[in-house]
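Source file: coords33.cif. Holds: mmCIF, C-alpha atoms.
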data_data
#
loop_
_atom_site.label_atom_id
_atom_site.label_comp_id
_atom_site.auth_asym_id
_atom_site.auth_seq_id
_atom_site.Cartn_x
_atom_site.Cartn_y
_atom_site.Cartn_z
CA MET A 1 153.39 -65.44 26.15
CA PHE A 2 153.67 -62.44 23.85
CA ARG A 3 155.36 -59.26 24.97
CA THR A 4 154.81 -56.14 23.00
CA ILE A 5 155.58 -52.40 23.07
CA LEU A 6 153.62 -49.05 23.54
CA THR A 7 153.10 -45.73 25.48
CA ALA A 8 151.45 -42.37 26.02
CA ALA A 9 151.03 -39.15 27.86
CA LEU A 10 151.80 -36.87 30.70
CA ALA A 11 152.72 -33.30 29.85
CA LEU A 12 155.61 -32.98 32.29
CA SER A 13 159.40 -32.88 31.89
CA ALA A 14 161.22 -36.15 31.16
CA THR A 15 163.43 -36.45 34.23
CA PRO A 16 163.74 -39.22 36.84
CA ALA A 17 160.32 -39.83 38.37
CA LEU A 18 159.62 -38.98 41.97
CA ALA A 19 156.53 -39.92 43.96
CA ASN A 20 154.80 -36.60 43.38
CA ASP A 21 155.33 -36.94 39.62
CA SER A 22 152.85 -39.80 39.41
CA ILE A 23 149.11 -39.97 38.87
CA ALA A 24 147.48 -43.25 39.84
CA GLU A 25 145.35 -45.19 37.38
CA LEU A 26 141.99 -46.59 38.54
CA GLY A 27 141.40 -50.20 37.57
CA THR A 28 138.05 -50.58 35.79
CA GLY A 29 136.38 -53.59 34.20
CA GLY A 30 133.20 -54.72 32.51
CA LEU A 31 129.67 -55.82 33.35
CA ILE A 32 128.53 -58.13 36.13
CA LEU A 33 125.32 -60.17 36.00
CA SER A 34 123.25 -61.07 39.06
CA ARG A 35 122.08 -64.30 37.38
CA SER A 36 124.73 -66.63 35.97
CA ASP A 37 123.19 -70.08 35.53
CA ALA A 38 121.00 -69.35 32.50
CA VAL A 39 122.73 -66.57 30.56
CA ALA A 40 125.89 -67.37 28.61
CA MET A 41 128.30 -64.93 27.02
CA GLU A 42 128.62 -65.84 23.36
CA SER A 43 131.19 -63.18 22.63
CA GLU A 44 133.06 -60.18 24.00
CA ASP A 45 134.85 -57.63 21.82
CA LEU A 46 137.03 -55.40 24.01
CA PHE A 47 138.86 -52.32 22.72
CA ILE A 48 141.26 -50.33 24.92
CA SER A 49 143.04 -47.07 24.18
CA GLN A 50 143.93 -44.00 26.20
CA GLU A 51 140.88 -42.17 24.87
CA LYS A 52 138.21 -44.83 25.27
CA VAL A 53 137.28 -48.34 26.32
CA THR A 54 134.48 -50.00 24.37
CA VAL A 55 133.03 -53.43 25.07
CA ASP A 56 130.52 -55.23 22.85
CA TYR A 57 128.86 -58.30 24.35
CA VAL A 58 126.49 -60.92 23.00
CA PHE A 59 124.58 -62.64 25.82
CA ARG A 60 122.30 -65.61 25.16
CA ASN A 61 119.60 -67.10 27.34
CA ASN A 62 119.90 -70.83 26.66
CA THR A 63 116.72 -71.76 28.53
CA ASP A 64 113.07 -71.93 27.44
CA LYS A 65 112.01 -69.17 29.84
CA ASP A 66 112.72 -65.46 29.90
CA VAL A 67 115.27 -64.51 32.52
CA SER A 68 115.25 -61.22 34.43
CA ALA A 69 118.52 -60.10 35.95
CA ILE A 70 120.31 -57.08 37.30
CA VAL A 71 123.27 -55.99 35.21
CA ALA A 72 125.84 -53.83 36.98
CA PHE A 73 128.89 -51.80 36.03
CA PRO A 74 131.04 -51.19 39.12
CA MET A 75 132.94 -47.94 38.89
CA PRO A 76 136.36 -47.89 40.57
CA ASP A 77 136.44 -46.81 44.21
CA ILE A 78 138.01 -43.40 44.71
CA GLU A 79 139.63 -41.96 47.82
CA GLY A 80 139.16 -38.31 48.67
CA ASP A 81 142.73 -37.82 49.88
CA PRO A 82 144.20 -34.39 48.95
CA ASN A 83 147.66 -35.96 49.00
CA GLU A 84 146.75 -38.53 46.35
CA MET A 85 145.33 -37.60 42.95
CA PRO A 86 143.96 -40.43 40.82
CA ALA A 87 143.43 -39.95 37.10
CA ILE A 88 139.77 -38.99 36.71
CA PRO A 89 138.52 -38.24 33.15
CA GLU A 90 135.41 -36.26 34.17
CA ALA A 91 136.56 -34.51 37.31
CA GLN A 92 133.34 -32.57 38.03
CA SER A 93 130.81 -35.34 37.44
CA ASP A 94 129.36 -38.25 39.41
CA ASN A 95 129.75 -40.12 36.12
CA PHE A 96 133.48 -39.55 36.32
CA LEU A 97 134.27 -42.09 33.57
CA GLY A 98 131.59 -40.87 31.16
CA PHE A 99 129.91 -44.30 31.18
CA GLU A 100 127.31 -45.03 28.45
CA VAL A 101 125.45 -48.24 27.57
CA THR A 102 123.16 -49.50 24.81
CA ILE A 103 121.02 -52.65 24.70
CA ASP A 104 120.27 -54.00 21.22
CA GLY A 105 121.27 -50.61 19.85
CA VAL A 106 119.00 -48.57 22.14
CA ASP A 107 120.45 -46.17 24.71
CA ALA A 108 119.84 -47.40 28.23
CA LYS A 109 119.42 -45.21 31.31
CA PRO A 110 121.10 -47.03 34.16
CA GLN A 111 120.68 -45.99 37.77
CA LEU A 112 123.68 -44.79 39.75
CA GLU A 113 124.10 -46.22 43.25
CA GLN A 114 126.64 -44.37 45.41
CA ARG A 115 127.81 -44.79 48.98
CA ALA A 116 130.45 -42.93 50.96
CA PHE A 117 132.56 -44.58 53.65
CA ALA A 118 135.02 -43.44 56.29
CA LEU A 119 136.96 -46.05 58.26
CA GLY A 120 134.67 -48.64 56.68
CA ILE A 121 131.52 -46.97 58.07
CA ASP A 122 128.78 -45.76 55.73
CA ILE A 123 128.63 -41.98 56.19
CA SER A 124 126.40 -41.25 53.18
CA ALA A 125 123.57 -40.00 55.40
CA ASP A 126 125.92 -37.63 57.24
CA LEU A 127 127.03 -36.03 53.99
CA LYS A 128 123.50 -35.73 52.61
CA ALA A 129 122.27 -34.15 55.86
CA GLN A 130 124.76 -31.31 55.31
CA ASN A 131 124.10 -31.09 51.55
CA VAL A 132 127.61 -32.33 50.78
CA PRO A 133 127.87 -34.26 47.48
CA LEU A 134 129.17 -37.81 47.83
CA TYR A 135 131.58 -37.35 44.93
CA PRO A 136 134.73 -36.07 46.67
CA PHE A 137 136.73 -34.42 43.86
CA GLY A 138 134.22 -31.94 42.49
CA ASP A 139 134.21 -28.23 43.25
CA ALA A 140 130.70 -28.64 44.71
CA ALA A 141 132.01 -30.86 47.53
CA LYS A 142 134.76 -28.40 48.39
CA ALA A 143 132.29 -25.50 48.46
CA ALA A 144 129.89 -27.44 50.69
CA LEU A 145 132.64 -28.35 53.16
CA ALA A 146 133.59 -24.68 53.46
CA LYS A 147 130.05 -23.99 54.76
CA LEU A 148 130.01 -26.69 57.45
CA PRO A 149 129.12 -25.56 60.98
CA LYS A 150 132.22 -25.59 63.18
CA GLU A 151 130.94 -28.36 65.45
CA VAL A 152 130.09 -30.58 62.48
CA ALA A 153 133.49 -30.00 60.88
CA GLU A 154 135.27 -30.88 64.14
CA ASP A 155 133.18 -34.03 64.53
CA TRP A 156 133.85 -35.11 60.94
CA GLU A 157 137.56 -34.48 61.31
CA ASN A 158 137.64 -36.66 64.43
CA ARG A 159 135.75 -39.41 62.57
CA GLY A 160 138.10 -39.41 59.58
CA ILE A 161 135.51 -38.02 57.16
CA ILE A 162 137.45 -34.85 56.32
CA ILE A 163 140.99 -33.64 56.79
CA GLU A 164 142.66 -30.24 56.97
CA ASP A 165 144.54 -29.34 53.81
CA THR A 166 146.99 -26.44 53.69
CA ALA A 167 148.07 -25.16 50.29
CA ASP A 168 148.86 -21.98 48.39
CA ASP A 169 145.91 -21.01 46.18
CA GLY A 170 147.86 -18.18 44.57
CA SER A 171 147.05 -15.63 47.23
CA GLY A 172 149.03 -17.24 50.04
CA MET A 173 148.82 -20.34 52.20
CA LYS A 174 145.30 -21.29 53.26
CA THR A 175 143.88 -24.16 55.30
CA VAL A 176 140.58 -25.70 54.23
CA TYR A 177 138.71 -28.92 54.89
CA ALA A 178 139.11 -31.56 52.21
CA PRO A 179 137.20 -34.83 51.63
CA PHE A 180 138.84 -37.90 53.14
CA TRP A 181 136.09 -40.43 52.54
CA GLN A 182 135.91 -43.28 50.05
CA LEU A 183 133.27 -43.31 47.31
CA ARG A 184 131.82 -46.50 45.87
CA SER A 185 129.74 -46.12 42.72
CA THR A 186 127.85 -48.65 40.61
CA TYR A 187 125.69 -48.20 37.55
CA TRP A 188 122.97 -50.83 37.29
CA TRP A 189 119.79 -51.69 35.44
CA ARG A 190 117.25 -54.48 35.17
CA SER A 191 117.41 -56.47 31.96
CA THR A 192 115.32 -59.25 30.47
CA PHE A 193 117.02 -61.96 28.44
CA PRO A 194 114.35 -63.59 26.21
CA ALA A 195 114.25 -67.37 26.01
CA ASN A 196 116.68 -68.83 23.46
CA LYS A 197 117.64 -65.41 22.13
CA ALA A 198 120.74 -63.28 21.98
CA VAL A 199 120.96 -59.80 23.53
CA HIS A 200 123.59 -57.31 22.34
CA VAL A 201 124.95 -55.03 25.06
CA SER A 202 127.56 -52.36 24.36
CA HIS A 203 129.13 -49.92 26.73
CA ARG A 204 131.89 -47.38 26.62
CA TYR A 205 133.75 -45.09 28.98
CA LYS A 206 136.90 -43.03 29.27
CA PRO A 207 139.67 -44.98 31.01
CA SER A 208 141.57 -43.72 34.00
CA VAL A 209 145.09 -43.33 32.61
CA GLY A 210 147.77 -43.16 35.26
CA GLY A 211 151.07 -41.56 34.41
CA THR A 212 154.59 -40.64 35.42
CA SER A 213 156.61 -37.77 34.02
CA SER A 214 159.47 -40.08 33.05
CA VAL A 215 160.44 -43.74 33.00
CA SER A 216 160.26 -45.02 36.58
CA PHE A 217 162.18 -48.25 35.95
CA PHE A 218 165.37 -47.03 34.20
CA TYR A 219 167.78 -44.35 35.38
CA ASP A 220 171.49 -43.89 36.11
CA GLY A 221 172.20 -46.17 33.17
CA GLN A 222 170.39 -49.26 34.40
CA PHE A 223 167.04 -50.91 35.01
CA GLN A 224 166.02 -50.38 38.64
CA GLY A 225 163.28 -48.77 40.71
CA GLN A 226 159.98 -50.27 39.50
CA TYR A 227 161.74 -52.63 37.08
CA ALA A 228 161.05 -55.99 38.76
CA THR A 229 157.39 -55.12 39.35
CA TYR A 230 156.91 -53.76 35.84
CA LYS A 231 158.60 -56.71 34.15
CA THR A 232 156.12 -59.09 35.77
CA ARG A 233 153.05 -56.87 35.50
CA TYR A 234 153.59 -55.71 31.90
CA CYS A 235 155.70 -58.58 30.47
CA MET A 236 158.46 -56.26 29.23
CA ASP A 237 160.62 -58.17 26.73
CA ASP A 238 164.06 -57.64 25.18
CA GLY A 239 162.70 -55.53 22.34
CA PHE A 240 160.95 -53.17 24.73
CA GLU A 241 163.98 -52.90 27.03
CA ASN A 242 166.37 -52.35 24.12
CA ALA A 243 164.20 -49.46 22.92
CA VAL A 244 164.43 -47.90 26.39
CA ARG A 245 168.22 -48.38 26.45
CA LYS A 246 168.55 -46.76 23.03
CA ALA A 247 166.45 -43.79 24.11
CA ALA A 248 168.70 -43.33 27.15
CA LYS A 249 171.84 -43.57 25.00
CA ASP A 250 170.48 -41.01 22.53
CA ASN A 251 169.86 -38.48 25.31
CA PRO A 252 172.95 -36.55 26.50
CA ASP A 253 171.55 -36.67 30.06
CA GLY A 254 171.46 -40.48 29.93
CA TYR A 255 167.74 -40.76 30.67
CA PRO A 256 165.18 -42.24 28.25
CA GLN A 257 163.01 -39.30 27.23
CA PHE A 258 159.61 -40.91 27.59
CA PHE A 259 156.39 -40.11 29.37
CA GLU A 260 154.92 -43.16 31.09
CA SER A 261 151.19 -44.00 31.06
CA ARG A 262 149.34 -46.96 32.55
CA ILE A 263 145.89 -48.47 32.02
CA ALA A 264 144.39 -51.22 34.20
CA TYR A 265 141.39 -53.25 33.03
CA ILE A 266 139.80 -55.67 35.50
CA LEU A 267 138.87 -58.72 33.46
CA THR A 268 138.70 -61.36 36.19
CA THR A 269 135.34 -60.20 37.58
CA GLY A 270 133.75 -61.06 34.25
CA GLY A 271 133.32 -64.81 34.64
CA ASN A 272 129.90 -64.63 36.31
CA TRP A 273 127.74 -66.19 33.60
CA ALA A 274 126.80 -69.71 32.57
CA SER A 275 129.97 -71.85 32.26
CA GLY A 276 132.13 -68.85 33.18
CA ASN A 277 133.76 -68.89 29.74
CA ILE A 278 133.47 -66.39 26.90
CA GLY A 279 132.64 -68.20 23.67
CA ASP A 280 134.57 -65.81 21.42
CA PHE A 281 136.88 -63.28 23.04
CA LYS A 282 138.66 -60.48 21.17
CA LEU A 283 140.95 -57.87 22.68
CA THR A 284 142.25 -54.90 20.68
CA ILE A 285 144.76 -52.47 22.15
CA ASP A 286 145.59 -49.21 20.37
CA LYS A 287 148.84 -47.54 21.40
CA GLY A 288 147.83 -44.23 19.82
CA SER A 289 150.93 -43.38 17.78
CA ALA A 290 153.36 -45.47 15.75
CA LYS A 291 156.17 -43.76 17.69
CA ASN A 292 154.87 -44.98 21.02
CA LEU A 293 155.98 -48.11 22.84
CA VAL A 294 153.60 -50.54 24.50
CA SER A 295 154.00 -53.54 26.75
CA PHE A 296 151.31 -55.88 28.08
CA CYS A 297 150.81 -59.57 28.72
CA GLY A 298 148.75 -61.76 26.41
CA ASP A 299 148.67 -65.04 24.48
CA ASN A 300 148.90 -65.20 20.70
CA VAL A 301 148.91 -61.43 20.29
CA ARG A 302 149.51 -60.10 16.79
CA LYS A 303 149.98 -56.66 15.32
CA VAL A 304 147.04 -55.84 13.05
CA GLY A 305 147.71 -52.18 12.26
CA PRO A 306 150.31 -49.42 12.68
CA THR A 307 149.15 -48.83 16.26
CA THR A 308 146.87 -51.77 17.08
CA PHE A 309 147.42 -55.20 18.58
CA GLU A 310 144.88 -58.00 18.74
CA MET A 311 144.35 -61.15 20.78
CA THR A 312 141.56 -63.65 20.12
CA ALA A 313 140.54 -66.80 21.98
CA LYS A 314 137.82 -69.44 21.97
CA ASP A 315 136.06 -70.52 25.17
CA PHE A 316 138.13 -67.94 26.99
CA TYR A 317 138.21 -67.92 30.79
CA PRO A 318 139.41 -64.59 32.27
CA GLU A 319 142.13 -65.63 34.73
CA HIS A 320 144.18 -62.42 34.69
CA ASP A 321 143.50 -58.71 34.53
CA ILE A 322 144.91 -56.58 31.72
CA ASP A 323 147.66 -54.09 32.58
CA ILE A 324 149.04 -51.87 29.84
CA LEU A 325 152.22 -49.80 29.96
CA LEU A 326 152.64 -47.03 27.40
CA LEU A 327 155.67 -44.86 26.70
CA GLU A 328 155.51 -41.74 24.53
CA PRO A 329 158.68 -40.00 23.36
CA ALA A 330 159.02 -36.62 25.04
CA ASP A 331 160.68 -35.39 21.85
CA ASP A 332 158.92 -36.73 18.76
CA THR A 333 162.05 -36.21 16.65
CA SER A 334 164.06 -38.61 18.82
CA GLY A 335 161.59 -41.45 19.14
CA GLY A 336 160.99 -42.65 15.60
CA ASP A 337 159.09 -45.89 15.09
CA ASN A 338 160.73 -48.15 17.63
CA GLY A 339 159.10 -51.23 16.21
CA ASN A 340 157.20 -53.92 18.05
CA GLY A 341 159.25 -56.10 20.33
CA GLY A 342 157.89 -59.56 21.07
#

Rewrite the coordinates I just gave you, this time as structure tokens.
Amino acid sequence: MFRTILTAALALSATPALANDSIAELGTGGLILSRSDAVAMESEDLFISQEKVTVDYVFRNNTDKDVSAIVAFPMPDIEGDPNEMPAIPEAQSDNFLGFEVTIDGVDAKPQLEQRAFALGIDISADLKAQNVPLYPFGDAAKAALAKLPKEVAEDWENRGIIIEDTADDGSGMKTVYAPFWQLRSTYWWRSTFPANKAVHVSHRYKPSVGGTSSVSFFYDGQFQGQYATYKTRYCMDDGFENAVRKAAKDNPDGYPQFFESRIAYILTTGGNWASGNIGDFKLTIDKGSAKNLVSFCGDNVRKVGPTTFEMTAKDFYPEHDIDILLLEPADDTSGGDNGNGG
């Protein structure tokens, strides 16, 4: 198992992290096929950075008949809780990850299926009846909730659809209704896989990058806090930990001056094609800057560029998801190139 080093961004001060210093990442994956017995995945080329995720697939229909299937891209579920703020790249759009897809080089126009739930009950019709957008974090939803009839607002509050939120908007403390429902979104399209032919499908989106304003697993001169969880989840090795120790030693305050960023890619949902294996699998992770640190789990990973790491495999079966931890020096002059532990 290879351990390696990386990091990236949150424009906050580098002090010990508290709960309200964190932004949660949303785990996102790749495509799902409705038909798995005839269509094999010849290859998958996956690239992950803080700015973009791109996936290039080659699917092949190994039968003598054309196969029609639904191809879906599940977006991560999001909770409309004013007390929790996930990292959302496109905060005002239903397409909050900026998802795009091409089939054999031609832009596709997938349909977006959305449903809203409160306490596990589908309340999409309730929202639509009051002209409230299903997407909970946009300004349009907030504006629509402000116009709700009093009896509707009271009913929705009792049913766990909305919640009162009191905050200072700059002109004093105000109480408004805020979304409290869960949104489930899926892009999907119908695709034909011609007999005994390959189909090239590519898609891209902006990842949800979670972050913390400082290192959450090292403070007061020792590894603690999230350390045990992080060591397992991100495979932190001696090289990575030594770089963190050095950063703490170099800071008069005794804290490693890093911003912490996290990316989660759901790979395990991908085995829904003939044989379940990927013929040729390639993963490239770009840490963004040579000064950054990165840590993630992987087999036979090698450094292929100043900021990029690559893993390849034959007949690959996706048993584990990909979790990436990135650390970016808060002061570029103190970080230097900390190398690549492994």

Practice problem: I need the residue set behind the PyMOL selection byres ((chain A and resi 146-157) around 10) for this file; please write it as a ChimeraX atom specification. | Solution: /A:118,123,126-127,130-132,141-145,158-164,176-180

Exercise. Check what the PyMOL selection byres ((chain A and resi 248) around 10) selects in the file above and give those residues as a list in words.
Key: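 Those residues are Phe218, Tyr219, Asp220, Gly221, Gln222, Asn242, Ala243, Val244, Arg245, Lys246, Ala247, Lys249, Asp250, Asn251, Pro252, Asp253, Gly254, Tyr255, Pro256, Gln257 and Phe258 of chain A.
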
Once you have the residues from the selection above, write them out as a compact mmCIF listing (two decimals), in the coordinates of the input, restricted to C-alpha atoms.
# COMPACT_ATOMS: atom_id res chain seq x y z
CA PHE A 218 165.37 -47.03 34.20
CA TYR A 219 167.78 -44.35 35.38
CA ASP A 220 171.49 -43.89 36.11
CA GLY A 221 172.20 -46.17 33.17
CA GLN A 222 170.39 -49.26 34.40
CA ASN A 242 166.37 -52.35 24.12
CA ALA A 243 164.20 -49.46 22.92
CA VAL A 244 164.43 -47.90 26.39
CA ARG A 245 168.22 -48.38 26.45
CA LYS A 246 168.55 -46.76 23.03
CA ALA A 247 166.45 -43.79 24.11
CA LYS A 249 171.84 -43.57 25.00
CA ASP A 250 170.48 -41.01 22.53
CA ASN A 251 169.86 -38.48 25.31
CA PRO A 252 172.95 -36.55 26.50
CA ASP A 253 171.55 -36.67 30.06
CA GLY A 254 171.46 -40.48 29.93
CA TYR A 255 167.74 -40.76 30.67
CA PRO A 256 165.18 -42.24 28.25
CA GLN A 257 163.01 -39.30 27.23
CA PHE A 258 159.61 -40.91 27.59

Exercise. Determine the residue membership of the PyMOL selection byres ((chain A and resi 136) around 10) for the file above and supply it as a list in words.
Key: Ile78, Glu79, Gly80, Asp81, Pro82, Ala91, Gln92, Asp94, Ala116, Val132, Pro133, Leu134, Tyr135, Phe137, Gly138, Asp139, Ala140, Ala141, Lys142, Ala178, Pro179, Phe180, Trp181, Gln182 and Leu183 of chain A

Would you give me, as CSV, each residue of region 239-273 of chain A having an atom within 6 Å of an atom of region 313-327 of chain A, along with its shortest atom pair and that distance in Å to one decimal, using all atoms listed in the file and sorting by chain and residue number?
residue,atom,partner,partner_atom,distance
A:Phe258,CA,A:Leu327,CA,5.6
A:Phe259,CA,A:Leu327,CA,5.5
A:Glu260,CA,A:Leu327,CA,4.8
A:Ser261,CA,A:Leu326,CA,5.0
A:Arg262,CA,A:Leu325,CA,4.8
A:Ile263,CA,A:Ile324,CA,5.1
A:Ala264,CA,A:Asp323,CA,4.6
A:Tyr265,CA,A:Ile322,CA,5.0
A:Ile266,CA,A:Asp321,CA,4.9
A:Leu267,CA,A:Asp321,CA,4.8
A:Thr268,CA,A:Pro318,CA,5.1

Surrounding residues of Arg115 (chain A) excluding itself and chain neighbours under 6 positions, 7 Å, only C-alpha atoms, as an mmCIF file with C-alpha atoms, keeping the file's coordinate frame:
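Full text of part31.cif as output:
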data_model
loop_
_atom_site.group_PDB
_atom_site.id
_atom_site.type_symbol
_atom_site.label_atom_id
_atom_site.label_comp_id
_atom_site.auth_asym_id
_atom_site.auth_seq_id
_atom_site.Cartn_x
_atom_site.Cartn_y
_atom_site.Cartn_z
ATOM 1 C CA ASP A 122 128.780 -45.760 55.730
ATOM 2 C CA SER A 124 126.400 -41.250 53.180
ATOM 3 C CA LEU A 183 133.270 -43.310 47.310
ATOM 4 C CA ARG A 184 131.820 -46.500 45.870
ATOM 5 C CA SER A 185 129.740 -46.120 42.720
#

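When the distance limit is 10 Å and all atoms listed in the file are what count, the residues near Ile88 (chain A), minus those fewer than 5 positions from it on the same chain, are A:Ile23, A:Ala24, A:Glu25, A:Leu26, A:Ile78, A:Ser93, A:Phe96, A:Leu97, A:Phe137, A:Lys206, A:Pro207, A:Ser208, A:Val209, A:Gly210.
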
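CA of Leu31 (chain A) sits 18.4 Å away from CA of Ser49 (chain A).
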
Quiz prompt | Shell of 8 Å around Val55 (chain A), only C-alpha atoms, local chain residues under 3 positions omitted, as a ChimeraX atom specification | solution = /A:30,44-47,202-204

Self-check item: Separation of CA of Ala69 (chain A) from CA of Ile103 (chain A), in Å and rounded to one decimal
Solution: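 CA of Ala69 (chain A) sits 13.7 Å away from CA of Ile103 (chain A).
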
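Reported to one decimal place, the separation of CA of Thr308 (chain A) from CA of Leu283 (chain A) is 10.2 Å.
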
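In this comparison, which uses all atoms listed in the file, the residue of A:Lys231, A:Arg190, A:Lys197, A:Lys282 approaching Asp56 (chain A) most closely is A:Lys282.
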
Quiz item: Skipping near chain neighbours, those fewer than 2 positions away, what residues fall within 10 Å of Phe73 (chain A) using only C-alpha atoms, listed as a PyMOL selection string?
Solution: chain A and resi 28-33+71+75-76+99+101+110+112+185-189+203

Quiz item: Using all atoms listed in the file, which residue out of A:Ala129, A:Val53, A:Val67, A:Met236 lies closest to Asn196 (chain A)?
Solution: A:Val67

Missing atoms of region 129-144 of chain A rebuilt to N, CA, C and O atoms, written as a tab-separated table (two decimals), in the coordinates of the input:
chain	number	residue	atom	x	y	z
A	129	ALA	N	122.91	-35.02	54.88
A	129	ALA	CA	122.27	-34.15	55.86
A	129	ALA	C	122.84	-32.73	55.83
A	129	ALA	O	122.17	-31.76	56.19
A	130	GLN	N	124.11	-32.63	55.40
A	130	GLN	CA	124.76	-31.31	55.31
A	130	GLN	C	124.86	-30.82	53.87
A	130	GLN	O	125.60	-29.87	53.60
A	131	ASN	N	124.11	-31.47	52.97
A	131	ASN	CA	124.10	-31.09	51.55
A	131	ASN	C	125.50	-31.13	50.92
A	131	ASN	O	125.85	-30.29	50.08
A	132	VAL	N	126.28	-32.12	51.34
A	132	VAL	CA	127.61	-32.33	50.78
A	132	VAL	C	127.53	-33.45	49.75
A	132	VAL	O	127.12	-34.56	50.07
A	133	PRO	N	127.89	-33.20	48.50
A	133	PRO	CA	127.87	-34.26	47.48
A	133	PRO	C	128.77	-35.43	47.88
A	133	PRO	O	129.81	-35.24	48.50
A	134	LEU	N	128.37	-36.64	47.49
A	134	LEU	CA	129.17	-37.81	47.83
A	134	LEU	C	130.45	-37.87	47.00
A	134	LEU	O	131.47	-38.40	47.47
A	135	TYR	N	130.40	-37.35	45.78
A	135	TYR	CA	131.58	-37.35	44.93
A	135	TYR	C	132.62	-36.39	45.50
A	135	TYR	O	132.37	-35.19	45.63
A	136	PRO	N	133.81	-36.88	45.87
A	136	PRO	CA	134.73	-36.07	46.67
A	136	PRO	C	135.59	-35.07	45.89
A	136	PRO	O	136.11	-34.13	46.50
A	137	PHE	N	135.76	-35.25	44.57
A	137	PHE	CA	136.73	-34.42	43.86
A	137	PHE	C	136.12	-33.23	43.15
A	137	PHE	O	136.84	-32.43	42.56
A	138	GLY	N	134.83	-33.06	43.16
A	138	GLY	CA	134.22	-31.94	42.49
A	138	GLY	C	134.31	-30.65	43.28
A	138	GLY	O	134.48	-30.65	44.52
A	139	ASP	N	134.19	-29.54	42.59
A	139	ASP	CA	134.21	-28.23	43.25
A	139	ASP	C	133.02	-28.08	44.20
A	139	ASP	O	133.11	-27.37	45.21
A	140	ALA	N	131.90	-28.76	43.87
A	140	ALA	CA	130.70	-28.64	44.71
A	140	ALA	C	130.95	-29.19	46.11
A	140	ALA	O	130.47	-28.63	47.11
A	141	ALA	N	131.71	-30.29	46.22
A	141	ALA	CA	132.01	-30.86	47.53
A	141	ALA	C	132.89	-29.91	48.34
A	141	ALA	O	132.66	-29.70	49.54
A	142	LYS	N	133.87	-29.33	47.69
A	142	LYS	CA	134.76	-28.40	48.39
A	142	LYS	C	133.98	-27.18	48.90
A	142	LYS	O	134.20	-26.71	50.02
A	143	ALA	N	133.07	-26.67	48.06
A	143	ALA	CA	132.29	-25.50	48.46
A	143	ALA	C	131.37	-25.84	49.63
A	143	ALA	O	131.18	-25.03	50.55
A	144	ALA	N	130.79	-27.04	49.60
A	144	ALA	CA	129.89	-27.44	50.69
A	144	ALA	C	130.64	-27.62	51.99
A	144	ALA	O	130.14	-27.26	53.07
